[in-house]
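Each remark here refers to the structure printed beneath this line.
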Amino acid sequence: DSGVTQTPKHLITATGQRVTLRCSPRSGDLSVYWYQQSLDQGLQFLIQYYNGEERAKGNILERFSAQQFPDLHSELNLSSLELGDSALYFCASSEGTGTSGANVLTFGAGSRLTVL
Amino acid sequence: EDQVTQSPEALRLQEGESSSLNCSYTVSGLRGLFWYRQDPGKGPEFLFTLYSAGEEKEKERLKATLTKKESFLHITAPKPEDSATYLCAVQAYSGAGSYQLTFGKGTKLSVIP
């Protein structure tokens, strides 16, 4: 157990629908990161939050949004889902922002999204 | 644009047969190079961070090395439990005061008893 908790583990939904993925970071970590992993693309960085504020954006689609709450848990919202959104979505956390040195990320077990 | 290329894509070894995995990278302002292990259905698990060329780190049967253009993950006398996908990632400046990880696609290692 890495200490990073993600729910749900599996999710099956239809095109056009909206889903929310939830992540609780490891105790003491202030940064939360979201990554998408598909078979052909590997792990792609989506977005980072630090202590409730957006810190960095990667290849996140406009249909996707995220937030980090005062208790530091984070949610990733995926809307108007398409078949191509089917993937594993990982949350990771770290103690700092990564600006002061190399930053080790601890990953959760992931949420597998299947869009039919 | 930062790039990380891992080779081979897949590797089958007999138990006890040592080998190396390669990670070549192109990045401006490297902060660190990371190796992660990922088991099926699980999230990546941190193995090593390397910061500068010439640095080496070891953990059990694994040894990671770093040059200015590539990193190697050497596996000595592997066991079946070493079977996993090994991911390489570089952390570099990505703009607006942010440093992010760029991952390679991984090498899937299978160790046959």
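Residues are named by chain letter and number: chains run A, B, ... in the order of the structure tokens, numbers start at 1 in each chain, and ligands are numbered from 1 in the order shown.
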
Starting from chain B, keep only residues with some atom at most 12 Å from an atom of chain A, counting only C-alpha atoms, and report them as a tab-separated table (two decimals) with N, CA and C atoms, in the first residue's frame.
chain	number	residue	atom	x	y	z
B	4	VAL	N	11.94	10.88	-23.89
B	4	VAL	CA	12.50	9.74	-23.19
B	4	VAL	C	12.17	8.49	-23.98
B	5	THR	N	13.21	7.75	-24.37
B	5	THR	CA	13.02	6.55	-25.17
B	5	THR	C	13.62	5.36	-24.45
B	6	GLN	N	12.81	4.33	-24.25
B	6	GLN	CA	13.29	3.15	-23.56
B	6	GLN	C	13.40	1.98	-24.54
B	9	GLU	N	11.49	-2.72	-25.94
B	9	GLU	CA	10.11	-2.60	-25.45
B	9	GLU	C	9.77	-3.77	-24.56
B	29	GLY	N	17.98	21.07	-18.93
B	29	GLY	CA	17.93	21.33	-17.49
B	29	GLY	C	17.42	20.16	-16.69
B	30	LEU	N	18.12	19.04	-16.76
B	30	LEU	CA	17.70	17.84	-16.04
B	30	LEU	C	17.80	18.06	-14.52
B	31	ARG	N	16.69	17.81	-13.82
B	31	ARG	CA	16.69	17.87	-12.36
B	31	ARG	C	16.99	16.51	-11.77
B	32	GLY	N	16.50	15.47	-12.44
B	32	GLY	CA	16.70	14.12	-11.95
B	32	GLY	C	16.16	13.12	-12.94
B	33	LEU	N	16.73	11.92	-12.90
B	33	LEU	CA	16.22	10.82	-13.71
B	33	LEU	C	15.72	9.75	-12.75
B	34	PHE	N	14.52	9.27	-13.00
B	34	PHE	CA	13.86	8.35	-12.09
B	34	PHE	C	13.63	7.01	-12.76
B	35	TRP	N	13.74	5.95	-11.98
B	35	TRP	CA	13.32	4.62	-12.41
B	35	TRP	C	12.17	4.17	-11.49
B	36	TYR	N	11.13	3.68	-12.14
B	36	TYR	CA	9.97	3.12	-11.44
B	36	TYR	C	9.73	1.70	-11.93
B	37	ARG	N	9.14	0.91	-11.08
B	37	ARG	CA	8.70	-0.44	-11.45
B	37	ARG	C	7.17	-0.44	-11.41
B	38	GLN	N	6.53	-1.05	-12.43
B	38	GLN	CA	5.08	-1.13	-12.44
B	38	GLN	C	4.64	-2.57	-12.67
B	39	ASP	N	3.90	-3.11	-11.72
B	39	ASP	CA	3.32	-4.44	-11.84
B	39	ASP	C	1.93	-4.31	-12.46
B	40	PRO	N	1.47	-5.37	-13.13
B	40	PRO	CA	0.16	-5.31	-13.80
B	40	PRO	C	-0.95	-4.91	-12.83
B	41	GLY	N	-1.76	-3.93	-13.24
B	41	GLY	CA	-2.89	-3.51	-12.43
B	41	GLY	C	-2.52	-2.64	-11.25
B	42	LYS	N	-1.27	-2.21	-11.17
B	42	LYS	CA	-0.82	-1.38	-10.04
B	42	LYS	C	-0.18	-0.10	-10.54
B	43	GLY	N	0.01	0.82	-9.61
B	43	GLY	CA	0.67	2.06	-9.95
B	43	GLY	C	2.18	1.91	-9.93
B	44	PRO	N	2.89	2.81	-10.59
B	44	PRO	CA	4.36	2.76	-10.57
B	44	PRO	C	4.90	2.88	-9.15
B	45	GLU	N	5.96	2.11	-8.89
B	45	GLU	CA	6.61	2.10	-7.58
B	45	GLU	C	8.03	2.62	-7.75
B	46	PHE	N	8.38	3.62	-6.95
B	46	PHE	CA	9.68	4.28	-7.07
B	46	PHE	C	10.83	3.33	-6.76
B	47	LEU	N	11.87	3.39	-7.61
B	47	LEU	CA	13.08	2.60	-7.39
B	47	LEU	C	14.28	3.50	-7.07
B	48	PHE	N	14.64	4.38	-8.01
B	48	PHE	CA	15.85	5.20	-7.87
B	48	PHE	C	15.64	6.61	-8.42
B	49	THR	N	16.45	7.55	-7.89
B	49	THR	CA	16.65	8.84	-8.52
B	49	THR	C	18.14	9.02	-8.74
B	50	LEU	N	18.50	9.46	-9.95
B	50	LEU	CA	19.89	9.79	-10.28
B	50	LEU	C	19.93	11.25	-10.66
B	51	TYR	N	20.97	11.96	-10.21
B	51	TYR	CA	20.99	13.40	-10.40
B	51	TYR	C	22.04	13.89	-11.39
B	52	SER	N	23.17	13.18	-11.48
B	52	SER	CA	24.23	13.69	-12.34
B	52	SER	C	24.98	12.54	-12.98
B	85	THR	N	7.05	-4.12	-15.56
B	85	THR	CA	7.42	-3.09	-16.53
B	85	THR	C	8.24	-2.04	-15.80
B	86	TYR	N	9.39	-1.71	-16.35
B	86	TYR	CA	10.29	-0.74	-15.75
B	86	TYR	C	10.18	0.57	-16.53
B	87	LEU	N	9.85	1.62	-15.80
B	87	LEU	CA	9.63	2.94	-16.40
B	87	LEU	C	10.75	3.88	-16.04
B	88	CYS	N	11.20	4.64	-17.01
B	88	CYS	CA	12.19	5.67	-16.82
B	88	CYS	C	11.50	7.02	-16.98
B	89	ALA	N	11.89	8.00	-16.19
B	89	ALA	CA	11.28	9.33	-16.30
B	89	ALA	C	12.34	10.39	-16.01
B	90	VAL	N	12.24	11.52	-16.68
B	90	VAL	CA	13.13	12.64	-16.41
B	90	VAL	C	12.32	13.79	-15.85
B	91	GLN	N	12.89	14.47	-14.89
B	91	GLN	CA	12.25	15.65	-14.33
B	91	GLN	C	13.01	16.88	-14.79
B	92	ALA	N	12.31	17.76	-15.46
B	92	ALA	CA	12.93	18.95	-16.00
B	92	ALA	C	11.95	20.10	-15.96
B	93	TYR	N	12.49	21.29	-16.19
B	93	TYR	CA	11.67	22.50	-16.13
B	93	TYR	C	10.62	22.47	-17.24
B	94	SER	N	9.37	22.71	-16.87
B	94	SER	CA	8.29	22.67	-17.85
B	94	SER	C	7.57	24.00	-17.97
B	95	GLY	N	8.15	25.06	-17.38
B	95	GLY	CA	7.58	26.39	-17.52
B	95	GLY	C	6.82	26.85	-16.30
B	96	ALA	N	6.71	28.15	-16.11
B	96	ALA	CA	5.95	28.76	-15.02
B	96	ALA	C	6.38	28.23	-13.65
B	97	GLY	N	7.68	28.01	-13.48
B	97	GLY	CA	8.20	27.57	-12.19
B	97	GLY	C	7.89	26.12	-11.86
B	98	SER	N	7.54	25.34	-12.84
B	98	SER	CA	7.11	23.97	-12.60
B	98	SER	C	8.10	22.96	-13.17
B	99	TYR	N	8.33	21.88	-12.41
B	99	TYR	CA	9.17	20.79	-12.87
B	99	TYR	C	8.32	19.53	-12.92
B	100	GLN	N	8.24	18.91	-14.08
B	100	GLN	CA	7.36	17.75	-14.23
B	100	GLN	C	8.12	16.56	-14.77
B	101	LEU	N	7.54	15.39	-14.54
B	101	LEU	CA	8.12	14.15	-15.04
B	101	LEU	C	7.64	13.85	-16.44
B	102	THR	N	8.58	13.49	-17.32
B	102	THR	CA	8.25	12.96	-18.63
B	102	THR	C	8.67	11.50	-18.62
B	103	PHE	N	7.72	10.60	-18.85
B	103	PHE	CA	7.97	9.17	-18.79
B	103	PHE	C	8.25	8.57	-20.16
B	104	GLY	N	9.10	7.54	-20.17
B	104	GLY	CA	9.21	6.68	-21.34
B	104	GLY	C	8.06	5.69	-21.33
B	105	LYS	N	7.96	4.89	-22.39
B	105	LYS	CA	6.86	3.94	-22.51
B	105	LYS	C	7.14	2.64	-21.76
B	106	GLY	N	8.36	2.47	-21.28
B	106	GLY	CA	8.65	1.33	-20.44
B	106	GLY	C	9.24	0.14	-21.17
B	107	THR	N	9.90	-0.71	-20.39
B	107	THR	CA	10.39	-2.01	-20.87
B	107	THR	C	9.70	-3.08	-20.04

TODO: Pick out the residues sitting within 7 Å of A:Gly16, and hand them over as a ChimeraX atom specification; count only C-alpha atoms, and ignore anything fewer than 5 positions along from it in its own chain.
DONE: /A:80-82

TODO: Determine the nearest neighbour of B:Pro80 from the options B:Ser28, B:Ser20, B:Gln14, B:Thr65, counting only C-alpha atoms.
DONE: B:Gln14

- [ ] Would you list the contacts of B:Ala53 as a list in words, taking every protein, DNA or RNA residue within 10 Å and counting only C-alpha atoms, but skipping same-chain residues closer than 2 positions in sequence?
- [x]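 Neighbouring residues, sequence-local ones excluded: Leu50, Tyr51, Glu55, Glu56, Thr65, Leu66, Thr67, Lys68, Lys69, Glu70 and Ser71 of chain B.
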
Open item on the list: As an exercise, work out the distance from atom CA of A:Ala87 to atom CA of B:Leu21 in Å and give it to one decimal place.
Closed with: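 Pair atom CA of A:Ala87 / atom CA of B:Leu21 returns 25.8 Å.
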
Task: Closest of A:Asp85, A:Glu75, A:Glu54, A:Asp1 to A:Arg26 - atom-to-atom distances counting only C-alpha atoms - done: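 The shortest atom-to-atom distance to A:Arg26 comes from A:Asp1.
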
Open item on the list: Between atom CA of B:Ile75 and atom CA of B:Lys63, what distance in Å does the model show, to one decimal?
Closed with: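 Straight-line distance from atom CA of B:Ile75 to atom CA of B:Lys63 works out to 6.6 Å.
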
TODO: Identify, with DSSP run on backbone atoms, the residues in stretch 3-84 of chain A assigned to strand (DSSP E), and express the list as a PyMOL selection string.
DONE: chain A and resi 5-7+10-13+19-24+31-38+42-50+53-57+64-68+74-78

Task: Separation of atom CA of B:Pro113 from atom CA of B:Cys23, in Å and rounded to one decimal - done: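 Going from atom CA of B:Pro113 over to atom CA of B:Cys23 covers 26.1 Å.
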
Open item on the list: Excluding A:Gly28 and its own-chain neighbours fewer than 4 positions away, which residues fall within 10 Å of it when counting only C-alpha atoms? Please give them as a VMD selection string.
Closed with: chain A and resid 72 93 to 96

Create the file for the chosen residues now, containing C-alpha atoms and written as a compact mmCIF listing (two decimals), in the first residue's frame.
# COMPACT_ATOMS: atom_id res chain seq x y z
CA LEU A 72 -5.99 17.88 0.28
CA SER A 93 1.42 12.77 -4.47
CA SER A 94 4.59 14.38 -3.21
CA GLU A 95 5.66 16.42 -0.23
CA GLY A 96 6.71 19.51 -2.12
